[in-house]
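Just my_file.cif here, mmCIF, C-alpha atoms and all ligand atoms:
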data_final
#
loop_
_atom_site.label_atom_id
_atom_site.label_comp_id
_atom_site.auth_asym_id
_atom_site.auth_seq_id
_atom_site.Cartn_x
_atom_site.Cartn_y
_atom_site.Cartn_z
CA MET E 1 231.62 13.93 115.88
CA ASN E 2 228.25 13.13 114.33
CA ILE E 3 225.28 15.24 115.22
CA GLN E 4 221.77 14.43 114.18
CA TYR E 5 218.88 16.74 114.91
CA GLU E 6 215.46 15.27 114.33
CA ASP E 7 212.15 17.08 114.09
CA THR E 8 213.38 20.35 115.39
CA THR E 9 210.98 23.25 115.34
CA LEU E 10 213.48 25.66 113.98
CA PRO E 11 211.94 28.42 111.91
CA GLY E 12 213.44 29.36 108.55
CA SER E 13 216.22 31.37 110.14
CA TYR E 14 217.10 31.07 113.79
CA GLY E 15 220.10 33.40 114.13
CA VAL E 16 222.76 31.58 116.10
CA VAL E 17 225.52 34.02 116.90
CA GLY E 18 228.88 32.31 116.60
CA SER E 19 230.63 32.07 119.93
CA PHE E 20 233.46 29.94 118.71
CA PRO E 21 236.69 30.64 120.59
CA LYS E 22 238.95 33.18 118.95
CA SER E 23 241.70 30.71 118.38
CA PHE E 24 242.95 32.13 115.12
CA GLY E 25 245.92 34.38 114.58
CA TYR E 26 245.36 38.09 114.69
CA GLY E 27 247.88 39.16 112.07
CA VAL E 28 250.74 41.56 112.43
CA GLU E 29 250.98 45.26 112.24
CA VAL E 30 253.76 46.47 110.04
CA SER E 31 255.25 49.90 109.91
CA ASP E 32 257.23 49.21 106.77
CA LEU E 33 256.11 47.10 103.84
CA GLU E 34 258.86 44.51 103.80
CA GLU E 35 257.71 41.19 102.37
CA SER E 36 258.77 37.94 103.92
CA PRO E 37 259.68 35.30 101.31
CA THR E 38 256.87 32.98 102.45
CA SER E 39 254.14 35.58 102.23
CA ALA E 40 255.24 37.14 98.96
CA ASP E 41 253.56 34.53 96.75
CA LYS E 42 250.21 34.42 98.58
CA PRO E 43 247.27 36.06 96.87
CA ARG E 44 246.43 39.32 98.55
CA ILE E 45 243.19 41.10 99.21
CA LEU E 46 243.54 44.80 100.02
CA LEU E 47 240.97 46.54 102.22
CA MET E 48 240.90 50.28 101.59
CA GLY E 49 238.55 53.18 102.27
CA LEU E 50 238.19 56.29 104.37
CA ARG E 51 238.72 56.32 108.13
CA ARG E 52 235.94 54.65 110.14
CA SER E 53 234.33 53.20 107.03
CA GLY E 54 234.42 49.74 108.64
CA LYS E 55 237.48 47.99 107.14
CA SER E 56 238.88 46.47 110.33
CA SER E 57 235.40 45.47 111.48
CA ILE E 58 234.84 43.53 108.25
CA GLN E 59 238.12 41.69 108.60
CA LYS E 60 237.57 40.85 112.27
CA VAL E 61 233.95 39.74 111.84
CA VAL E 62 234.54 37.58 108.78
CA PHE E 63 237.86 36.00 109.67
CA HIS E 64 238.14 36.21 113.46
CA LYS E 65 234.62 35.51 114.71
CA MET E 66 234.41 38.89 116.38
CA SER E 67 230.81 39.72 117.17
CA PRO E 68 229.57 42.87 115.38
CA ASN E 69 228.94 44.72 118.65
CA GLU E 70 232.55 44.29 119.71
CA THR E 71 233.71 46.27 116.68
CA LEU E 72 232.40 49.41 118.38
CA PHE E 73 235.55 49.30 120.49
CA LEU E 74 238.06 48.80 117.67
CA GLU E 75 240.77 51.40 117.60
CA SER E 76 241.69 53.23 114.44
CA THR E 77 244.28 51.41 112.32
CA ASN E 78 247.46 53.46 112.02
CA LYS E 79 249.65 51.07 110.11
CA ILE E 80 249.07 48.51 107.42
CA TYR E 81 247.87 45.37 109.15
CA LYS E 82 248.71 42.14 107.31
CA ASP E 83 246.60 39.18 108.26
CA ASP E 84 247.66 35.80 106.96
CA ILE E 85 244.64 33.56 107.34
CA SER E 86 245.97 30.55 105.48
CA GLY E 87 246.65 28.59 108.69
CA SER E 88 242.99 28.44 109.67
CA SER E 89 241.19 28.64 106.38
CA PHE E 90 240.97 27.07 102.96
CA VAL E 91 241.34 30.56 101.64
CA ASN E 92 245.07 30.71 101.30
CA PHE E 93 245.61 34.44 101.15
CA GLN E 94 246.57 37.52 103.09
CA ILE E 95 244.32 40.41 103.90
CA TRP E 96 245.94 43.81 104.16
CA ASP E 97 243.92 46.29 106.17
CA PHE E 98 244.99 49.84 105.36
CA PRO E 99 244.68 52.85 107.63
CA GLY E 100 242.01 55.30 106.45
CA GLN E 101 244.45 58.13 105.86
CA VAL E 102 246.77 56.43 103.33
CA ASP E 103 248.55 59.14 101.37
CA PHE E 104 249.29 57.95 97.82
CA PHE E 105 251.58 60.93 97.27
CA ASP E 106 253.78 60.08 100.21
CA PRO E 107 257.14 58.94 98.77
CA THR E 108 257.23 56.02 101.23
CA PHE E 109 254.01 54.62 99.75
CA ASP E 110 255.24 52.01 97.30
CA SER E 111 252.27 51.47 94.94
CA GLU E 112 254.25 49.01 92.82
CA MET E 113 254.84 46.68 95.74
CA ILE E 114 251.34 47.06 97.18
CA PHE E 115 249.24 46.64 94.06
CA LYS E 116 251.46 44.29 92.05
CA GLY E 117 250.67 41.07 93.93
CA ALA E 118 247.08 41.91 94.81
CA GLY E 119 244.21 39.75 93.54
CA ALA E 120 241.43 42.04 94.72
CA LEU E 121 241.04 45.52 96.08
CA ILE E 122 238.00 46.02 98.28
CA PHE E 123 237.09 49.66 98.68
CA VAL E 124 234.73 50.25 101.61
CA ILE E 125 232.29 53.19 101.50
CA ASP E 126 230.28 54.16 104.59
CA ALA E 127 226.73 54.43 103.24
CA GLN E 128 225.51 56.14 106.41
CA ASP E 129 227.85 59.06 105.83
CA ASP E 130 228.22 61.62 103.06
CA TYR E 131 230.05 59.60 100.41
CA MET E 132 231.40 62.33 98.10
CA GLU E 133 234.87 62.28 99.65
CA ALA E 134 234.86 58.48 99.59
CA LEU E 135 234.03 58.53 95.87
CA SER E 136 236.95 60.80 95.00
CA ARG E 137 239.23 58.59 97.13
CA LEU E 138 237.85 55.53 95.33
CA HIS E 139 238.65 57.09 91.98
CA LEU E 140 242.19 57.98 93.06
CA THR E 141 242.79 54.50 94.48
CA VAL E 142 241.41 52.65 91.47
CA SER E 143 243.33 54.71 88.93
CA ARG E 144 246.57 54.27 90.88
CA ALA E 145 246.09 50.54 91.30
CA TYR E 146 244.98 49.95 87.71
CA LYS E 147 248.11 51.64 86.39
CA VAL E 148 250.30 49.21 88.34
CA ASN E 149 248.15 46.09 88.01
CA PRO E 150 245.31 46.03 85.45
CA ASP E 151 244.37 42.48 86.52
CA ILE E 152 243.22 43.46 89.98
CA ASN E 153 239.51 42.89 90.73
CA PHE E 154 237.93 46.09 92.01
CA GLU E 155 235.19 45.43 94.55
CA VAL E 156 233.21 48.25 96.15
CA PHE E 157 231.45 47.52 99.44
CA ILE E 158 228.66 50.01 100.06
CA HIS E 159 228.84 49.33 103.76
CA LYS E 160 226.76 49.85 106.95
CA VAL E 161 223.52 49.53 104.99
CA ASP E 162 221.82 48.15 108.11
CA GLY E 163 220.89 51.76 108.91
CA LEU E 164 219.15 52.32 105.54
CA SER E 165 215.63 51.52 104.36
CA ASP E 166 215.29 49.16 101.38
CA ASP E 167 214.47 52.02 99.00
CA HIS E 168 217.34 54.09 100.30
CA LYS E 169 219.73 51.15 99.82
CA ILE E 170 218.80 50.75 96.15
CA GLU E 171 218.98 54.48 95.54
CA THR E 172 222.39 54.77 97.25
CA GLN E 173 223.76 51.88 95.23
CA ARG E 174 222.45 53.37 91.98
CA ASP E 175 223.92 56.78 92.78
CA ILE E 176 227.35 55.46 93.84
CA HIS E 177 227.47 53.16 90.82
CA GLN E 178 226.63 56.01 88.46
CA ARG E 179 229.05 58.54 89.94
CA ALA E 180 231.97 56.11 90.25
CA ASN E 181 231.59 54.98 86.63
CA ASP E 182 231.18 58.57 85.39
CA ASP E 183 234.43 59.50 87.12
CA LEU E 184 236.19 56.60 85.40
CA THR E 185 234.76 57.52 82.02
CA ASP E 186 235.90 61.14 82.47
CA ALA E 187 239.41 59.83 83.12
CA SER E 188 239.24 57.55 80.03
CA LEU E 189 239.28 54.52 82.30
CA GLU E 190 235.96 53.05 81.15
CA LYS E 191 237.68 49.68 80.73
CA VAL E 192 237.97 49.35 84.50
CA HIS E 193 235.20 47.21 85.93
CA LEU E 194 233.87 47.91 89.41
CA SER E 195 231.61 45.42 91.22
CA PHE E 196 229.25 46.75 93.88
CA TYR E 197 227.84 45.03 96.96
CA LEU E 198 225.51 46.23 99.72
CA THR E 199 227.05 45.06 103.00
CA SER E 200 226.68 45.14 106.75
CA ILE E 201 228.45 43.28 109.53
CA TYR E 202 225.10 42.96 111.32
CA ASP E 203 223.76 40.35 108.89
CA HIS E 204 225.06 37.77 106.42
CA SER E 205 225.55 40.25 103.58
CA ILE E 206 229.22 40.77 104.44
CA PHE E 207 229.90 37.02 104.25
CA GLU E 208 228.02 36.77 100.95
CA ALA E 209 229.96 39.66 99.46
CA PHE E 210 233.29 38.26 100.65
CA SER E 211 232.31 34.89 99.18
CA LYS E 212 231.87 36.47 95.76
CA VAL E 213 235.19 38.32 96.05
CA VAL E 214 237.03 35.13 96.99
CA GLN E 215 235.32 33.02 94.31
CA LYS E 216 236.71 35.27 91.61
CA LEU E 217 240.19 34.40 92.86
CA ILE E 218 239.74 30.64 92.74
CA PRO E 219 240.95 29.28 89.40
CA GLN E 220 239.16 25.97 89.97
CA LEU E 221 235.74 27.60 90.37
CA PRO E 222 234.17 26.30 87.13
CA THR E 223 235.22 22.75 88.04
CA LEU E 224 233.79 23.07 91.53
CA GLU E 225 230.49 24.41 90.19
CA ASN E 226 230.33 21.60 87.70
CA LEU E 227 230.92 18.99 90.39
CA LEU E 228 228.24 20.53 92.59
CA ASN E 229 225.78 20.61 89.69
CA ILE E 230 226.34 16.95 88.95
CA PHE E 231 226.16 16.04 92.63
CA ILE E 232 222.85 17.78 93.31
CA SER E 233 221.15 16.72 90.11
CA HIS E 234 221.87 13.05 90.84
CA SER E 235 220.98 13.22 94.50
CA GLY E 236 217.67 15.11 94.53
CA ILE E 237 219.25 18.04 96.40
CA GLU E 238 217.91 21.55 95.91
CA LYS E 239 220.93 23.66 96.80
CA ALA E 240 224.50 22.90 97.85
CA PHE E 241 227.26 25.16 99.11
CA LEU E 242 230.92 24.35 99.56
CA PHE E 243 231.88 26.29 102.67
CA ASP E 244 235.14 27.40 104.15
CA VAL E 245 234.18 26.39 107.69
CA SER E 246 236.23 28.89 109.68
CA SER E 247 235.08 32.00 107.80
CA LYS E 248 231.65 30.84 106.52
CA ILE E 249 232.59 32.07 103.09
CA TYR E 250 231.16 29.79 100.43
CA ILE E 251 233.78 29.12 97.86
CA ALA E 252 231.37 27.56 95.35
CA THR E 253 227.74 26.67 94.87
CA ASP E 254 225.69 25.00 92.15
CA SER E 255 224.34 27.15 89.35
CA ALA E 256 220.84 27.64 90.81
CA PRO E 257 220.45 31.21 92.10
CA VAL E 258 221.46 31.84 95.72
CA ASP E 259 218.73 33.16 97.92
CA MET E 260 219.87 34.90 101.05
CA GLN E 261 217.68 32.83 103.38
CA SER E 262 219.18 29.53 102.21
CA TYR E 263 222.66 30.92 102.62
CA GLU E 264 221.82 32.15 106.15
CA LEU E 265 220.39 28.77 107.10
CA CYS E 266 223.56 27.03 105.96
CA CYS E 267 225.77 29.53 107.83
CA ASP E 268 223.72 29.00 110.97
CA MET E 269 224.10 25.26 110.59
CA ILE E 270 227.88 25.62 110.61
CA ASP E 271 227.63 27.65 113.81
CA VAL E 272 225.45 24.99 115.40
CA VAL E 273 227.84 22.20 114.44
CA LEU E 274 230.93 24.04 115.67
CA ASP E 275 229.30 25.18 118.90
CA ILE E 276 227.84 21.79 119.79
CA SER E 277 231.05 20.00 118.79
CA SER E 278 233.21 22.29 120.85
CA ILE E 279 230.95 21.83 123.88
CA TYR E 280 230.34 18.06 123.66
CA GLY E 281 232.69 16.72 121.01
CA LEU E 282 236.14 17.48 122.36
CA GLU E 283 237.77 14.98 124.63
CA ASP E 284 239.62 16.80 127.42
CA GLY E 285 238.95 20.05 125.56
CA SER E 286 241.71 19.49 122.99
CA GLY E 287 241.59 18.88 119.26
CA SER E 288 239.38 20.57 116.73
CA ALA E 289 235.62 21.03 116.79
CA TYR E 290 235.64 20.24 113.07
CA ASP E 291 237.23 17.04 111.83
CA GLU E 292 236.84 14.26 109.25
CA GLU E 293 233.91 12.78 111.18
CA SER E 294 231.91 16.01 111.21
CA LEU E 295 228.41 15.26 109.97
CA ALA E 296 225.10 16.84 110.86
CA ILE E 297 221.52 16.45 109.72
CA ILE E 298 218.88 18.96 110.80
CA LYS E 299 215.23 18.36 109.91
CA LEU E 300 213.22 21.56 109.95
CA ASN E 301 209.47 21.59 110.57
CA ASN E 302 208.75 22.67 107.00
CA THR E 303 209.85 19.36 105.40
CA THR E 304 213.28 20.75 104.64
CA VAL E 305 216.44 18.89 105.59
CA LEU E 306 219.86 20.46 106.07
CA TYR E 307 222.81 18.16 105.57
CA LEU E 308 226.42 19.01 106.44
CA LYS E 309 229.44 16.82 105.86
CA GLU E 310 233.20 17.27 106.04
CA VAL E 311 234.97 17.44 102.67
CA THR E 312 238.49 18.51 103.64
CA LYS E 313 240.18 19.88 106.75
CA PHE E 314 238.77 23.32 105.96
CA LEU E 315 235.79 22.66 103.71
CA ALA E 316 232.28 21.40 104.37
CA LEU E 317 229.45 20.63 102.01
CA VAL E 318 226.13 22.01 103.21
CA CYS E 319 222.99 20.98 101.32
CA ILE E 320 219.32 21.85 101.44
CA LEU E 321 216.87 19.17 100.35
CA ARG E 322 213.28 18.01 100.77
CA GLU E 323 212.45 15.33 103.30
CA GLU E 324 211.26 12.90 100.62
CA SER E 325 214.61 13.17 98.78
CA PHE E 326 216.37 12.41 102.04
CA GLU E 327 214.70 9.00 102.05
CA ARG E 328 217.33 8.03 99.49
CA LYS E 329 220.06 8.61 102.05
CA GLY E 330 222.25 5.80 100.73
CA LEU E 331 222.30 7.32 97.28
CA ILE E 332 223.22 10.73 98.68
CA GLU E 333 226.01 9.21 100.73
CA TYR E 334 227.38 7.33 97.76
CA ASN E 335 227.29 10.43 95.58
CA PHE E 336 228.83 12.47 98.35
CA HIS E 337 231.67 9.97 98.51
CA CYS E 338 232.29 10.48 94.76
CA PHE E 339 232.04 14.24 95.16
CA ARG E 340 234.51 14.29 98.05
CA LYS E 341 236.98 12.18 96.09
CA ALA E 342 236.70 14.55 93.14
CA ILE E 343 237.32 17.60 95.32
CA HIS E 344 240.42 15.95 96.75
CA GLU E 345 241.58 15.24 93.22
CA VAL E 346 241.03 18.84 92.21
CA PHE E 347 243.01 20.24 95.08
CA GLU E 348 245.44 17.41 95.72
CA VAL E 349 244.63 17.68 99.39
CA GLY E 350 246.07 14.28 100.07
CA SER E 351 249.52 15.27 98.92
CA SER E 352 249.65 18.76 100.38
CA ASN E 353 250.85 18.83 103.93
CA ASP E 354 248.97 21.90 105.06
CA GLY E 355 245.66 21.11 103.38
CA ALA E 356 245.24 24.78 102.48
CA ALA E 357 244.36 23.94 98.93
CA TRP E 358 244.73 26.66 96.39
CA ARG E 359 246.58 24.86 93.70
CA PRO E 360 245.13 23.07 90.73
CA ALA E 361 245.79 19.37 90.37
CA SER E 362 247.05 19.77 86.86
CA SER E 363 248.13 22.56 84.60
CA SER E 364 244.56 22.83 83.42
CA SER E 365 242.60 24.36 86.28
CA ASN E 366 239.36 23.18 84.76
CA SER E 367 240.29 19.55 84.54
CA GLN E 368 237.27 17.41 85.38
CA PRO E 369 238.00 14.40 87.55
CA SER E 370 236.67 11.25 85.97
CA LEU E 371 234.13 9.98 88.48
CA LYS E 372 230.87 8.16 88.28
CA TYR E 373 227.84 9.34 90.19
CA ALA E 374 224.84 7.17 90.82
CA SER E 375 221.79 8.92 89.48
CA LEU E 376 218.44 9.12 91.22
CA ASN E 377 217.01 6.23 89.30
CA GLY E 378 220.06 4.19 90.20
CA SER E 379 221.79 4.07 86.82
CA ASP E 380 225.33 5.32 86.52
CA VAL E 381 226.36 8.23 84.36
N1 LIG E 401 226.08 50.23 111.66
C1 LIG E 401 227.21 49.67 111.28
N2 LIG E 401 228.38 50.03 111.85
C2 LIG E 401 229.52 49.44 111.43
C3 LIG E 401 229.52 48.43 110.42
N3 LIG E 401 230.80 48.04 110.20
C4 LIG E 401 231.56 48.76 111.03
N4 LIG E 401 230.81 49.60 111.77
C5 LIG E 401 231.27 50.54 112.82
O1 LIG E 401 232.08 51.53 112.22
C6 LIG E 401 233.07 51.99 113.13
C7 LIG E 401 234.42 52.04 112.46
O2 LIG E 401 234.84 50.74 112.17
P1 LIG E 401 236.37 50.33 111.90
O3 LIG E 401 236.34 48.91 111.48
O4 LIG E 401 237.24 50.70 113.03
O5 LIG E 401 236.70 51.26 110.66
P2 LIG E 401 238.07 51.34 109.84
O6 LIG E 401 237.69 51.62 108.43
O7 LIG E 401 238.93 50.15 110.08
O8 LIG E 401 238.70 52.65 110.49
P3 LIG E 401 240.25 53.13 110.44
O9 LIG E 401 241.05 52.10 111.13
O10 LIG E 401 240.20 54.44 111.19
O11 LIG E 401 240.61 53.33 109.02
C8 LIG E 401 233.00 51.04 114.34
O12 LIG E 401 232.34 51.72 115.39
C9 LIG E 401 232.16 49.88 113.85
O13 LIG E 401 231.38 49.29 114.89
C10 LIG E 401 228.25 48.05 109.84
O14 LIG E 401 228.12 47.18 108.96
N5 LIG E 401 227.15 48.71 110.31
#

For this file, produce the structure as structure tokens.
Amino acid sequence: MNIQYEDTTLPGSYGVVGSFPKSFGYGVEVSDLEESPTSADKPRILLMGLRRSGKSSIQKVVFHKMSPNETLFLESTNKIYKDDISGSSFVNFQIWDFPGQVDFFDPTFDSEMIFKGAGALIFVIDAQDDYMEALSRLHLTVSRAYKVNPDINFEVFIHKVDGLSDDHKIETQRDIHQRANDDLTDASLEKVHLSFYLTSIYDHSIFEAFSKVVQKLIPQLPTLENLLNIFISHSGIEKAFLFDVSSKIYIATDSAPVDMQSYELCCDMIDVVLDISSIYGLEDGSGSAYDEESLAIIKLNNTTVLYLKEVTKFLALVCILREESFERKGLIEYNFHCFRKAIHEVFEVGSSNDGAAWRPASSSSNSQPSLKYASLNGSDV
């Protein structure tokens, strides 16, 4: 379905809350940690932290379109909850949500099995609560995991920051950063790198943070960034994001810095496209609200244009550009065509039957597809 919005009077950010049907799988609760052969080779992201820190809420809001207010009614997780999101998302991995009271000294807790295949460990700290206990749990978790798998990315979400003032946020982050790293140094683990993010499910910060976590796990990231850089520089585009449509995680962007407002605008555009398509675009209510014809152009009243176009079954390109650059629509479309072809080459989408691309096209994950873009002045590069 093609949607074109002309001369809308949308302000910079207009906060559409996603009301897309919850049509995605809700994972399985497991009492034991048996691996099925199909899931064993999928990259894993572990969500850990104290009870009520917000782990399940993060997973439900980011990957299952749950609205933040609904998380108030989530029950405590008692067992490890494995959520395989590869059926609905480009992001071909599993998320394991751990109960808050995991006991590492319990003989049934198999750290080898849990940490060995994990790509990232997200440790969630409730910033609205006293975080001393969370910090000692973080230290215990990181040292355990590092011993088993030194390649794991350690990501610390300083969560629920919606309740904190801006100054308090910065101060909390500084304090947690300092204490966590001091603890590691005291244990001679200064080699371990922790990344910190300020997050909340009540704004886009949780999606931004998850985007960064996921990007570190994508081997093709440098190639994608390169392709985006070439695409925008030849098309007069200011900023471009490659989005995983179902989760609104951006899996790559060009090398210009990301400002939160641009990211929010692009996320909102995805919501608009999915909502409008699911209301008006589905014949007899079947099919998908997002398909190969998905295209939307929104002109804001501040001479900015938002442009969204389907790239693969799960990915969309969302760009921000000035109205005068959009006059060269033909050039943008031609360059987009080249870009799309290159992305398909990178991920071999055409030959994979599930489209959940996570595999490089060749042994070199940074291989650059040989494509020609038309430049703004019309000459090829
Ligand atoms: N203010 C605020 N509250 C949040 C946020 N994220 C989660 N919460 C609330 O925190 C409470 C606990 O959330 P859960 O997701 O159940 O926490 P959990 O870490 O999975 O808890 P366990 O399953 O007991 O380990 C819920 O009432 C959520 O609504 C946030 O970003 N801001």

Å distance separating atom CA of Pro43 of chain E from atom CA of Glu70 of chain E, one decimal place:
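About the pair atom CA of Pro43 of chain E and atom CA of Glu70 of chain E: they are 28.4 Å apart.
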
Using only C-alpha atoms and all ligand atoms, which residues have at least one atom no more than 10 Å from ligand LIG 401 (chain E)? Output them as a VMD selection string.
chain E and resid 47 to 61 67 to 81 97 to 102 123 to 128 158 to 164 198 to 203 205 to 206

Write out as a count of residues only the residues lying within 10 Å of Lys216 of chain E, counting only C-alpha atoms and excluding same-chain residues fewer than 5 positions away.
6

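Atom CA of Glu293 of chain E is found 13.9 Å from atom CA of Ile276 of chain E.
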
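Take atom CA of Ser143 of chain E and atom CA of His193 of chain E: the distance between them is 11.5 Å.
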
Applying 10 Å and all atoms listed in the file, which residues near Val214 of chain E remain after dropping the ones on its own chain fewer than 2 positions away? List them as a short mmCIF file (atom, residue, chain, number, x, y, z; two decimals) with C-alpha atoms, in the frame of the given file.
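New file result10.cif:
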data_model
loop_
_atom_site.label_atom_id
_atom_site.label_comp_id
_atom_site.auth_asym_id
_atom_site.auth_seq_id
_atom_site.Cartn_x
_atom_site.Cartn_y
_atom_site.Cartn_z
CA ILE E 45 243.19 41.10 99.21
CA VAL E 91 241.34 30.56 101.64
CA PHE E 93 245.61 34.44 101.15
CA GLY E 119 244.21 39.75 93.54
CA ALA E 120 241.43 42.04 94.72
CA GLU E 208 228.02 36.77 100.95
CA ALA E 209 229.96 39.66 99.46
CA PHE E 210 233.29 38.26 100.65
CA SER E 211 232.31 34.89 99.18
CA LYS E 212 231.87 36.47 95.76
CA LYS E 216 236.71 35.27 91.61
CA LEU E 217 240.19 34.40 92.86
CA ILE E 218 239.74 30.64 92.74
CA ILE E 249 232.59 32.07 103.09
CA TYR E 250 231.16 29.79 100.43
CA ILE E 251 233.78 29.12 97.86
CA ALA E 252 231.37 27.56 95.35
#

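Distances from E:Phe347, E:Lys147, E:His337, E:Lys313 to Thr223 of chain E were compared using all atoms listed in the file, and the smallest one belongs to E:Phe347.
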
Once you add 8 Å to each side, what are the centre and edge lengths of the axis-aligned box holding all listed atoms of segment 155-162 of chain E? One decimal in Å, as JSON, if you can.
{"center_x": 228.5, "center_y": 47.7, "center_z": 101.3, "size_x": 29.4, "size_y": 20.6, "size_z": 29.6}
